Amino acid sequence: MKIEKANDIPLEIHDMTIAYHKKPVLWDVDLIVPEGKLVGIVGPNGAGKSTLIKAVMGLIPKASGWIKVYGKPYEEMRSWVGYVPQRESVDWDFPINVREVVLMGLYGKIGWVKRPDKAHVRIAEESLERVDMQAFAKRQISQLSGGQQQRVFLARALAQDSQIYLMDEPFSGVDAATEKAIIQLLGELRSRGKTVLVVHHDLQTIPNYFDWVIMLNMRIVATGPVSQVFTNENLHRTYGGKLTILSEAAEAVSRT
Amino acid sequence: MKSVAVLTILILGLSLVSCSTKQDSNQDSKLYVVTTTGMIGDLARNVGRELITVESLMGPGVDPHLYKASQGDIGKLSKSDVIFYNGLHLEGKMVDIFEKMSRQKTVVPVSRDIDRKKLRALDANKSIVDPHIWFDVSLWRETIPVVQGVLTEKNPQHAQAFRENAQRYSEKLDSLYHWVKFEIAQIPKPQRVLITAHDAFGYFGLAYEIEVHGLQGISTVAEYGVNDVTNLVDLIVGRGIKAAFVETSVPQRSIEAVVAGCRARGHEVKIGGSLYSDAMGQPGSGADNYIGMVTANVNTIVSALK
Amino acid sequence: MADQIARFFSFQDANVRYVLFGSVILSAAAAVLGSFAVLRKRSLLGDALAHAALPGVCVAFMLTGTKSILPLLIGATVSGVLGVLMIQAVTASGKIKSDAAIGIVLSVFFGAGIVLLTHIQKQPLGNQSGLDKFLFGQAAAMLPKDLLVMGMISFFLLVVILLLFKEFRLLTFDPDFFATLGFPVAFLDLLLMALIVLAVMAGLQAVGVILMAAMLITPAVAAKFWTNRLSAMIAVAGIIGAVAGFFGTFLSSLAPRIPTGPVMVLSATFFLILSALLAPQKGVVAKWRLHMRNKRRMAQEHFLRGWLEISKQNSGHDRVEVGELATHLRLSRQAIEKAGRRLMRQGLVSIQPPCFALTEVGRQKATRLIKTHRLWEYYLIHRAQIDPDHVHRDADEVEHILPPHVISELEKIVETEGVGSGKFASAHPT
């Protein structure tokens, strides 16, 4: 069913540059992400964080470079990669219920024209249970709170049963309970040997949630284990001279 | 900066000069007459003959109710010495242009001198009339003096010639009128019903004693509905009418729908032919002048209904 | 009139049957495709498509010299698709947003079409009349051969939509995610556009270029008021479209000079207005009634609470004057009296003018309300972060909408925290 992997490196990006209308947005990205890590991607606004993961999945064209998932091109390994887009990227007023959204994660496996069968529905329901949303299965998505919407997106990604997950700001605008639930989920995924990359905006929580970090400001400033790489100096290089951010960052660093 | 200003003034000046020279150039040559419909153009041609140049804006197959003047038309109208139009709101979309042009030019509706009582009123207070006056040859004949008068006014030196031409053409139209009356009378009374795409043939019906029914109203601008179609089908089937007629300037679809409706009720009404209603025929078709147009129409009608 | 109506429903007139069949089919097909256009926020695209078809019709006529339906439809389709591609190209550069792009392309193509029409008018061809009928349509003149074409197009459209329903749904909802699953999003997007083009073409002869946009969009927007599921929305849109087609035919059969196409569009609009007003939950009327009900209930509950509080302040008097209540609750005397009368009908209050008194049942309810209110305040202030799914608005409003099981949960929490209910002061007066 799934294509065989060529090596044990979940994600390898080499010399990737993304340009919107000639202006470079991401420059010369080179990185290797090891397996089984929870990776936080940080950087100031407009640094290219979302761009990075969208480029990995081919949603944005590359000006140069290549991307390998477990040693093979991403296009061949799609079923190994799950995606949780930003919550704002869809219109939640769309006439659809929670379960149908989660089932969408299985469309790749279901294929063209065919409808989901009972087995697929069961997978969807199990995914909903893992995010504690099973009671909402028939609920219209416009009736959900922000945190619930985020959990639906997560459930959809879980249904994909991938080995690597790319998440775009899953923690933004969610309540404390949902945040806790996401952390728990991430921990579960890691314990199963999955690799998760998360675009994250809150520097304070990086040391708590993640063991690996990618620090990004149009180019890779630093990447590696949080304990080694998440330093004052690197934060300064990533965020420039922004004082308020620095002081937050300083506090975060002091807790590592 | 300076050179740009000089250049601009030069260009503006040149264009002004060229405009005015164009206007002057017509004064010594033949009178340039511009008409709306081809029928009026033919009218002018028969009165002025080689002494004038005539151009018509609307060619064969053009619907005068819907016609909108193009930039080229405006150009021709501006260069003209005389503008003739039908009037009575036939050229519905050109009213503003006539108004504008009449401030500086001779703009004359050829229907001007027709006795109001002879016109078909379409509403209670006689404020809207049927403009299709060319369908009654005797009415059309009354436009000849108008054309003759205007041309004579513009070119008094040719008054004699215009008078003689007008006289000759009037006589031709007189005999045409009688011929049409005779031909139509050949159709047996029960078959003497003319079914057409729009209500253009009112005067035809009145003058030659034939019943007329159109699907669309007086103007093709108005849309018809299902009720209009079924009413016409009822009429045709009820009276056993043999033929209906399409018009060159109106889409055939409407009559085709009527035919289909009749067929479904077991009555085959054929399309008797294409009539020249609001426009004349192609050059060389024989119907490219008024007399030819009337003759062709009558022959088509009579042979289909007799 | 009555016999006209009877005649219509006897379906004896072939023309009525043709027009009815044609209108219903085209409206239904257009509405189904229109649903996707509306949800993709591309409603204007349908309008642009319809207008962009005009130059194609003219060119087809100029090339073939005939007015037969097939070449004209092909011309219209090619032109319409070109318009869509151009819109996409213009938007892709990023400098021009999609609404501006649609407006620009629409105007350019339509203008070009008018220029061509005028040019054709001047040609000595003799049979060019009727191309402008593509602008407004001739619904009343539907012929069996038209029905065949329309029927085939509609059938094809519905089949494709049925087969690729889940794909089009995900495409419309979350195209990015869809792409990551490996589906060819750009191709499917173009396919959807092509289907919309086809739907527009099917209705061109009937309703014309200008009104076709309405048949695409209006039923879909109306349908959205009634349902929360895409499949239901499409079905309802199709039904509304079909009914509009039916009404257009019916009304135009009753009297002369009522054009079928425009009446169809007006019917669809009528249904839209009806839906916006009357739809349960989403309709204006429904929302207003809910609002009024809540307002009334709040006023009553404020009344009860206020009464008890004043009575306690006046050391347990069992009568409270209207004026006191009005001042305490900061409402008008009329409002108090109105609420009081309603409560009286429910048996919670008795009137002894100018005072009100609570019945035993009323007293119990008032006590319960005060307790709930205090619980809720405490909860919001101290514990809101634990169960946020129940927190939508502030205390004064939402407490009236709390379901009983939530209230009992709150009580349990408060008890375990060791804070006796009703024994702590309210955080804010009243």
# chains A, B, ... in the order shown; residues from 1 in each chain; ligands from 1
>>> residues_around(residues="region 175-181 of chain C", least_positions_apart="2", cutoff="8 Å", atoms="only C-alpha atoms", output="MDAnalysis selection string")
(chainID A and resid 57:59 78:79 83:85 107:108) or (chainID C and resid 170:173 183:185)
>>> write_last_selection(atoms="N, CA and C atoms", output="tab-separated table (two decimals), in the first residue's frame")
chain	number	residue	atom	x	y	z
A	57	MET	N	5.44	20.57	0.60
A	57	MET	CA	4.34	19.78	0.03
A	57	MET	C	4.00	20.18	-1.39
A	58	GLY	N	4.81	21.05	-1.96
A	58	GLY	CA	4.57	21.40	-3.35
A	58	GLY	C	3.41	22.35	-3.59
A	59	LEU	N	2.92	22.98	-2.52
A	59	LEU	CA	1.81	23.92	-2.70
A	59	LEU	C	2.31	25.25	-3.25
A	78	ARG	N	3.78	11.07	-0.78
A	78	ARG	CA	2.69	11.87	-0.24
A	78	ARG	C	1.96	11.21	0.91
A	79	SER	N	1.72	9.93	0.78
A	79	SER	CA	0.93	9.26	1.81
A	79	SER	C	1.68	9.16	3.13
A	83	TYR	N	-0.96	16.75	6.80
A	83	TYR	CA	-0.93	18.22	6.80
A	83	TYR	C	-2.06	18.79	7.64
A	84	VAL	N	-1.71	19.73	8.51
A	84	VAL	CA	-2.73	20.48	9.24
A	84	VAL	C	-2.58	21.95	8.86
A	85	PRO	N	-3.42	22.46	7.99
A	85	PRO	CA	-3.25	23.85	7.54
A	85	PRO	C	-3.69	24.84	8.63
A	107	TYR	N	-9.34	10.54	1.68
A	107	TYR	CA	-9.63	10.56	0.25
A	107	TYR	C	-8.46	10.02	-0.58
A	108	GLY	N	-7.26	10.28	-0.10
A	108	GLY	CA	-6.11	9.77	-0.84
A	108	GLY	C	-6.17	8.26	-0.97
C	170	LEU	N	-14.23	18.75	-1.65
C	170	LEU	CA	-12.97	19.06	-0.98
C	170	LEU	C	-12.24	20.17	-1.73
C	171	LEU	N	-12.35	20.15	-3.05
C	171	LEU	CA	-11.74	21.20	-3.86
C	171	LEU	C	-12.27	22.56	-3.45
C	172	THR	N	-13.59	22.61	-3.22
C	172	THR	CA	-14.20	23.88	-2.87
C	172	THR	C	-13.87	24.28	-1.44
C	173	PHE	N	-13.80	23.29	-0.54
C	173	PHE	CA	-13.62	23.58	0.88
C	173	PHE	C	-12.16	23.88	1.23
C	183	PHE	N	-4.19	14.85	-5.44
C	183	PHE	CA	-5.16	15.07	-6.50
C	183	PHE	C	-4.74	16.27	-7.36
C	184	PRO	N	-5.04	16.23	-8.66
C	184	PRO	CA	-4.64	17.33	-9.55
C	184	PRO	C	-5.60	18.50	-9.40
C	185	VAL	N	-5.30	19.36	-8.43
C	185	VAL	CA	-6.24	20.42	-8.08
C	185	VAL	C	-6.49	21.39	-9.23
>>> residues_around(residues="region 130-135 of chain C", least_positions_apart="6", cutoff="8 Å", atoms="only C-alpha atoms", output="list in words")
Val250 and Pro251 of chain B; Leu54, Val57, Cys58, Lys67, Leu117, Leu204, Gln205, Gly208, Val209 and Ile210 of chain C
>>> write_last_selection(atoms="N, CA and C atoms", output="compact mmCIF listing (two decimals), in the first residue's frame")
# COMPACT_ATOMS: atom_id res chain seq x y z
N VAL B 250 -35.99 39.53 -38.54
CA VAL B 250 -36.35 39.04 -37.21
C VAL B 250 -35.96 37.56 -37.14
N PRO B 251 -35.47 37.09 -36.01
CA PRO B 251 -35.04 35.68 -35.93
C PRO B 251 -36.18 34.74 -36.22
N LEU C 54 -20.45 36.18 -25.38
CA LEU C 54 -20.98 36.95 -26.50
C LEU C 54 -20.06 37.02 -27.71
N VAL C 57 -20.10 33.87 -29.74
CA VAL C 57 -21.30 33.67 -30.57
C VAL C 57 -21.14 34.44 -31.88
N CYS C 58 -20.66 35.67 -31.77
CA CYS C 58 -20.51 36.50 -32.98
C CYS C 58 -19.49 35.91 -33.93
N LYS C 67 -27.05 30.47 -38.19
CA LYS C 67 -27.44 30.70 -36.79
C LYS C 67 -27.85 29.40 -36.12
N LEU C 117 -21.14 42.55 -32.76
CA LEU C 117 -22.56 42.56 -33.11
C LEU C 117 -22.87 43.74 -34.02
N LEU C 204 -28.30 29.55 -22.39
CA LEU C 204 -28.10 30.77 -23.15
C LEU C 204 -29.27 31.11 -24.06
N GLN C 205 -29.76 30.10 -24.76
CA GLN C 205 -30.83 30.38 -25.71
C GLN C 205 -32.13 30.75 -25.00
N GLY C 208 -30.69 33.88 -21.98
CA GLY C 208 -29.76 34.88 -22.51
C GLY C 208 -28.57 35.11 -21.60
N VAL C 209 -27.58 35.77 -22.17
CA VAL C 209 -26.31 35.99 -21.52
C VAL C 209 -26.45 36.77 -20.22
N ILE C 210 -27.26 37.78 -20.25
CA ILE C 210 -27.28 38.70 -19.12
C ILE C 210 -27.95 38.11 -17.90
>>> interface_residues(of="chain A", to="chain C", cutoff="9 Å", atoms="only C-alpha atoms", output="PyMOL selection string")
chain A and resi 21+54+57-59+75+78-79+81-85+89-97+101+104-109+112-115+140+144-145+147-148+175-177
>>> interface_residues(of="chain C", to="chain B", cutoff="10 Å", atoms="only C-alpha atoms", output="MDAnalysis selection string")
chainID C and resid 4 8 12:20 67 115 118:133 136:144 248:263
>>> write_last_selection(atoms="C-alpha atoms", output="short mmCIF file (atom, residue, chain, number, x, y, z; two decimals), in the first residue's frame")
data_model
loop_
_atom_site.label_atom_id
_atom_site.label_comp_id
_atom_site.auth_asym_id
_atom_site.auth_seq_id
_atom_site.Cartn_x
_atom_site.Cartn_y
_atom_site.Cartn_z
CA GLN C 4 -55.82 29.95 -18.67
CA PHE C 8 -51.70 25.32 -18.46
CA GLN C 12 -52.14 20.22 -23.81
CA ASP C 13 -50.08 22.89 -25.55
CA ALA C 14 -46.92 21.52 -27.04
CA ASN C 15 -45.17 24.83 -26.72
CA VAL C 16 -45.95 24.98 -23.04
CA ARG C 17 -44.55 21.48 -22.63
CA TYR C 18 -41.37 22.36 -24.53
CA VAL C 19 -40.77 25.55 -22.61
CA LEU C 20 -41.57 23.91 -19.30
CA LYS C 67 -27.44 30.70 -36.79
CA VAL C 115 -18.56 45.69 -31.23
CA THR C 118 -22.61 46.10 -34.44
CA HIS C 119 -20.17 45.11 -37.16
CA ILE C 120 -22.32 42.16 -38.14
CA GLN C 121 -25.33 44.46 -38.29
CA LYS C 122 -23.66 46.43 -41.02
CA GLN C 123 -22.80 43.47 -43.18
CA PRO C 124 -25.06 42.94 -46.19
CA LEU C 125 -25.73 39.39 -45.13
CA GLY C 126 -29.45 39.64 -44.61
CA ASN C 127 -29.79 36.99 -41.93
CA GLN C 128 -27.85 38.28 -39.03
CA SER C 129 -30.81 39.30 -36.97
CA GLY C 130 -31.26 37.37 -33.83
CA LEU C 131 -27.70 37.17 -32.62
CA ASP C 132 -28.59 39.84 -30.16
CA LYS C 133 -31.27 37.54 -28.89
CA PHE C 136 -31.74 38.29 -23.46
CA GLY C 137 -32.81 34.89 -24.63
CA GLN C 138 -36.03 33.67 -26.20
CA ALA C 139 -37.33 31.23 -23.69
CA ALA C 140 -40.80 31.09 -25.22
CA ALA C 141 -39.48 29.76 -28.50
CA MET C 142 -37.96 26.52 -27.28
CA LEU C 143 -37.98 23.82 -29.87
CA PRO C 144 -37.66 20.07 -29.50
CA GLY C 248 -41.58 31.43 -15.32
CA THR C 249 -43.36 29.23 -17.80
CA PHE C 250 -46.61 29.20 -15.89
CA LEU C 251 -46.86 32.95 -15.37
CA SER C 252 -45.92 33.76 -18.92
CA SER C 253 -48.63 31.44 -20.17
CA LEU C 254 -51.37 33.36 -18.43
CA ALA C 255 -51.39 36.59 -20.42
CA PRO C 256 -49.83 38.05 -23.54
CA ARG C 257 -46.50 39.82 -23.62
CA ILE C 258 -45.03 38.31 -20.49
CA PRO C 259 -41.50 37.23 -21.41
CA THR C 260 -40.64 33.82 -20.01
CA GLY C 261 -36.91 34.24 -19.30
CA PRO C 262 -37.08 37.36 -17.18
CA VAL C 263 -40.04 35.98 -15.23
#
>>> closest_residue(among="B:Ile241, B:Arg112, B:Val180, B:Leu31", to="Glu142 (chain B)", atoms="only C-alpha atoms")
B:Arg112
>>> atom_distance(atom1="CA of Ala119 (chain A)", atom2="CA of Val196 (chain A)")
26.1 Å
>>> residues_around(residues="Lys72 (chain A)", least_positions_apart="3", cutoff="12 Å", atoms="only C-alpha atoms", output="PyMOL selection string")
chain A and resi 3-13+66-69+75-78+80
>>> closest_residue(among="C:Ala186, C:Val84, C:Phe225, C:Val197", to="Val284 (chain C)", atoms="only C-alpha atoms")
C:Phe225
>>> select_by_dssp(residues="region 10-223 of chain A", states="alpha helix (DSSP H)", output="PyMOL selection string")
chain A and resi 49-56+98-103+107-110+118-130+146-160+176-191+206-209
>>> write_last_selection(atoms="C-alpha atoms", output="compact mmCIF listing (two decimals), in the first residue's frame")
# COMPACT_ATOMS: atom_id res chain seq x y z
CA LYS A 49 7.58 29.63 8.21
CA SER A 50 4.32 28.74 6.47
CA THR A 51 6.09 29.05 3.16
CA LEU A 52 8.56 26.43 4.25
CA ILE A 53 6.04 23.73 4.94
CA LYS A 54 3.88 24.64 1.97
CA ALA A 55 6.93 24.40 -0.25
CA VAL A 56 7.76 20.98 1.15
CA VAL A 98 -17.22 17.34 11.45
CA ARG A 99 -17.11 13.70 10.45
CA GLU A 100 -17.14 14.52 6.76
CA VAL A 101 -14.16 16.82 7.22
CA VAL A 102 -12.22 14.10 8.98
CA LEU A 103 -13.11 11.60 6.26
CA TYR A 107 -9.63 10.56 0.25
CA GLY A 108 -6.11 9.77 -0.84
CA LYS A 109 -6.66 6.15 0.11
CA ILE A 110 -10.24 5.98 -1.14
CA LYS A 118 -17.74 1.55 6.81
CA ALA A 119 -14.07 0.90 7.55
CA HIS A 120 -13.17 4.43 6.57
CA VAL A 121 -15.94 5.83 8.73
CA ARG A 122 -14.61 3.87 11.65
CA ILE A 123 -11.13 5.28 11.16
CA ALA A 124 -12.60 8.76 11.08
CA GLU A 125 -14.48 8.13 14.30
CA GLU A 126 -11.40 6.79 15.99
CA SER A 127 -9.46 9.86 14.96
CA LEU A 128 -12.20 12.01 16.46
CA GLU A 129 -11.92 10.08 19.69
CA ARG A 130 -8.22 10.76 19.89
CA GLY A 146 -11.82 27.87 17.52
CA GLY A 147 -10.28 25.13 19.58
CA GLN A 148 -12.77 22.59 18.33
CA GLN A 149 -12.09 23.55 14.75
CA GLN A 150 -8.40 23.03 15.33
CA ARG A 151 -9.07 19.61 16.76
CA VAL A 152 -11.12 18.67 13.73
CA PHE A 153 -8.19 19.55 11.51
CA LEU A 154 -5.95 17.45 13.70
CA ALA A 155 -8.32 14.54 13.54
CA ARG A 156 -8.30 14.79 9.77
CA ALA A 157 -4.52 14.61 9.74
CA LEU A 158 -4.56 11.68 12.15
CA ALA A 159 -6.88 9.85 9.83
CA GLN A 160 -4.19 10.11 7.20
CA ALA A 176 -6.03 26.16 27.18
CA ALA A 177 -7.86 22.86 27.09
CA THR A 178 -7.27 22.43 23.38
CA GLU A 179 -3.65 23.40 23.81
CA LYS A 180 -3.26 20.71 26.40
CA ALA A 181 -4.96 18.21 24.14
CA ILE A 182 -2.63 19.05 21.26
CA ILE A 183 0.44 18.65 23.42
CA GLN A 184 -0.79 15.30 24.55
CA LEU A 185 -1.43 14.27 20.99
CA LEU A 186 2.02 15.37 19.90
CA GLY A 187 3.53 13.35 22.70
CA GLU A 188 1.58 10.31 21.57
CA LEU A 189 2.75 10.75 18.02
CA ARG A 190 6.34 11.03 19.12
CA SER A 191 6.10 7.92 21.19
CA ILE A 206 9.27 26.20 22.77
CA PRO A 207 11.43 24.55 25.41
CA ASN A 208 8.35 22.94 26.98
CA TYR A 209 6.78 21.50 23.88
>>> decode(residues="region 51-69 of chain B", atoms="N, CA and C atoms", output="PDB file, in the first residue's frame")
ATOM      1  N   LEU B  51     -28.782  63.394 -59.457  1.00  0.00           N
ATOM      2  CA  LEU B  51     -28.434  64.715 -58.931  1.00  0.00           C
ATOM      3  C   LEU B  51     -27.973  64.661 -57.468  1.00  0.00           C
ATOM      4  N   ILE B  52     -28.199  63.527 -56.841  1.00  0.00           N
ATOM      5  CA  ILE B  52     -27.784  63.417 -55.427  1.00  0.00           C
ATOM      6  C   ILE B  52     -27.030  62.119 -55.203  1.00  0.00           C
ATOM      7  N   THR B  53     -26.319  62.062 -54.057  1.00  0.00           N
ATOM      8  CA  THR B  53     -25.706  60.811 -53.601  1.00  0.00           C
ATOM      9  C   THR B  53     -26.460  60.347 -52.361  1.00  0.00           C
ATOM     10  N   VAL B  54     -26.862  59.095 -52.374  1.00  0.00           N
ATOM     11  CA  VAL B  54     -27.645  58.594 -51.238  1.00  0.00           C
ATOM     12  C   VAL B  54     -26.905  57.457 -50.540  1.00  0.00           C
ATOM     13  N   GLU B  55     -26.938  57.484 -49.218  1.00  0.00           N
ATOM     14  CA  GLU B  55     -26.402  56.356 -48.462  1.00  0.00           C
ATOM     15  C   GLU B  55     -27.373  55.999 -47.342  1.00  0.00           C
ATOM     16  N   SER B  56     -27.600  54.709 -47.159  1.00  0.00           N
ATOM     17  CA  SER B  56     -28.482  54.270 -46.075  1.00  0.00           C
ATOM     18  C   SER B  56     -27.667  53.589 -44.983  1.00  0.00           C
ATOM     19  N   LEU B  57     -28.010  53.904 -43.743  1.00  0.00           N
ATOM     20  CA  LEU B  57     -27.284  53.322 -42.617  1.00  0.00           C
ATOM     21  C   LEU B  57     -27.662  51.858 -42.398  1.00  0.00           C
ATOM     22  N   MET B  58     -28.914  51.533 -42.599  1.00  0.00           N
ATOM     23  CA  MET B  58     -29.371  50.175 -42.300  1.00  0.00           C
ATOM     24  C   MET B  58     -29.494  49.361 -43.570  1.00  0.00           C
ATOM     25  N   GLY B  59     -28.762  48.286 -43.621  1.00  0.00           N
ATOM     26  CA  GLY B  59     -28.764  47.463 -44.827  1.00  0.00           C
ATOM     27  C   GLY B  59     -29.797  46.356 -44.779  1.00  0.00           C
ATOM     28  N   PRO B  60     -29.684  45.408 -45.705  1.00  0.00           N
ATOM     29  CA  PRO B  60     -30.625  44.287 -45.745  1.00  0.00           C
ATOM     30  C   PRO B  60     -30.538  43.466 -44.455  1.00  0.00           C
ATOM     31  N   GLY B  61     -31.667  43.054 -43.971  1.00  0.00           N
ATOM     32  CA  GLY B  61     -31.669  42.185 -42.791  1.00  0.00           C
ATOM     33  C   GLY B  61     -31.469  42.912 -41.478  1.00  0.00           C
ATOM     34  N   VAL B  62     -31.423  44.230 -41.531  1.00  0.00           N
ATOM     35  CA  VAL B  62     -31.180  44.963 -40.283  1.00  0.00           C
ATOM     36  C   VAL B  62     -32.509  45.378 -39.660  1.00  0.00           C
ATOM     37  N   ASP B  63     -32.611  45.245 -38.366  1.00  0.00           N
ATOM     38  CA  ASP B  63     -33.841  45.587 -37.647  1.00  0.00           C
ATOM     39  C   ASP B  63     -33.788  47.041 -37.168  1.00  0.00           C
ATOM     40  N   PRO B  64     -34.606  47.912 -37.731  1.00  0.00           N
ATOM     41  CA  PRO B  64     -34.509  49.333 -37.370  1.00  0.00           C
ATOM     42  C   PRO B  64     -34.964  49.627 -35.942  1.00  0.00           C
ATOM     43  N   HIS B  65     -35.805  48.752 -35.370  1.00  0.00           N
ATOM     44  CA  HIS B  65     -36.245  48.988 -33.984  1.00  0.00           C
ATOM     45  C   HIS B  65     -35.076  48.908 -33.029  1.00  0.00           C
ATOM     46  N   LEU B  66     -34.124  48.002 -33.337  1.00  0.00           N
ATOM     47  CA  LEU B  66     -33.021  47.736 -32.421  1.00  0.00           C
ATOM     48  C   LEU B  66     -31.727  48.416 -32.828  1.00  0.00           C
ATOM     49  N   TYR B  67     -31.732  49.055 -33.995  1.00  0.00           N
ATOM     50  CA  TYR B  67     -30.467  49.527 -34.556  1.00  0.00           C
ATOM     51  C   TYR B  67     -29.864  50.649 -33.716  1.00  0.00           C
ATOM     52  N   LYS B  68     -28.574  50.479 -33.376  1.00  0.00           N
ATOM     53  CA  LYS B  68     -27.847  51.529 -32.664  1.00  0.00           C
ATOM     54  C   LYS B  68     -26.773  52.063 -33.589  1.00  0.00           C
ATOM     55  N   ALA B  69     -26.708  53.372 -33.710  1.00  0.00           N
ATOM     56  CA  ALA B  69     -25.738  53.953 -34.638  1.00  0.00           C
ATOM     57  C   ALA B  69     -24.319  53.750 -34.143  1.00  0.00           C
TER      58      ALA B  69
END
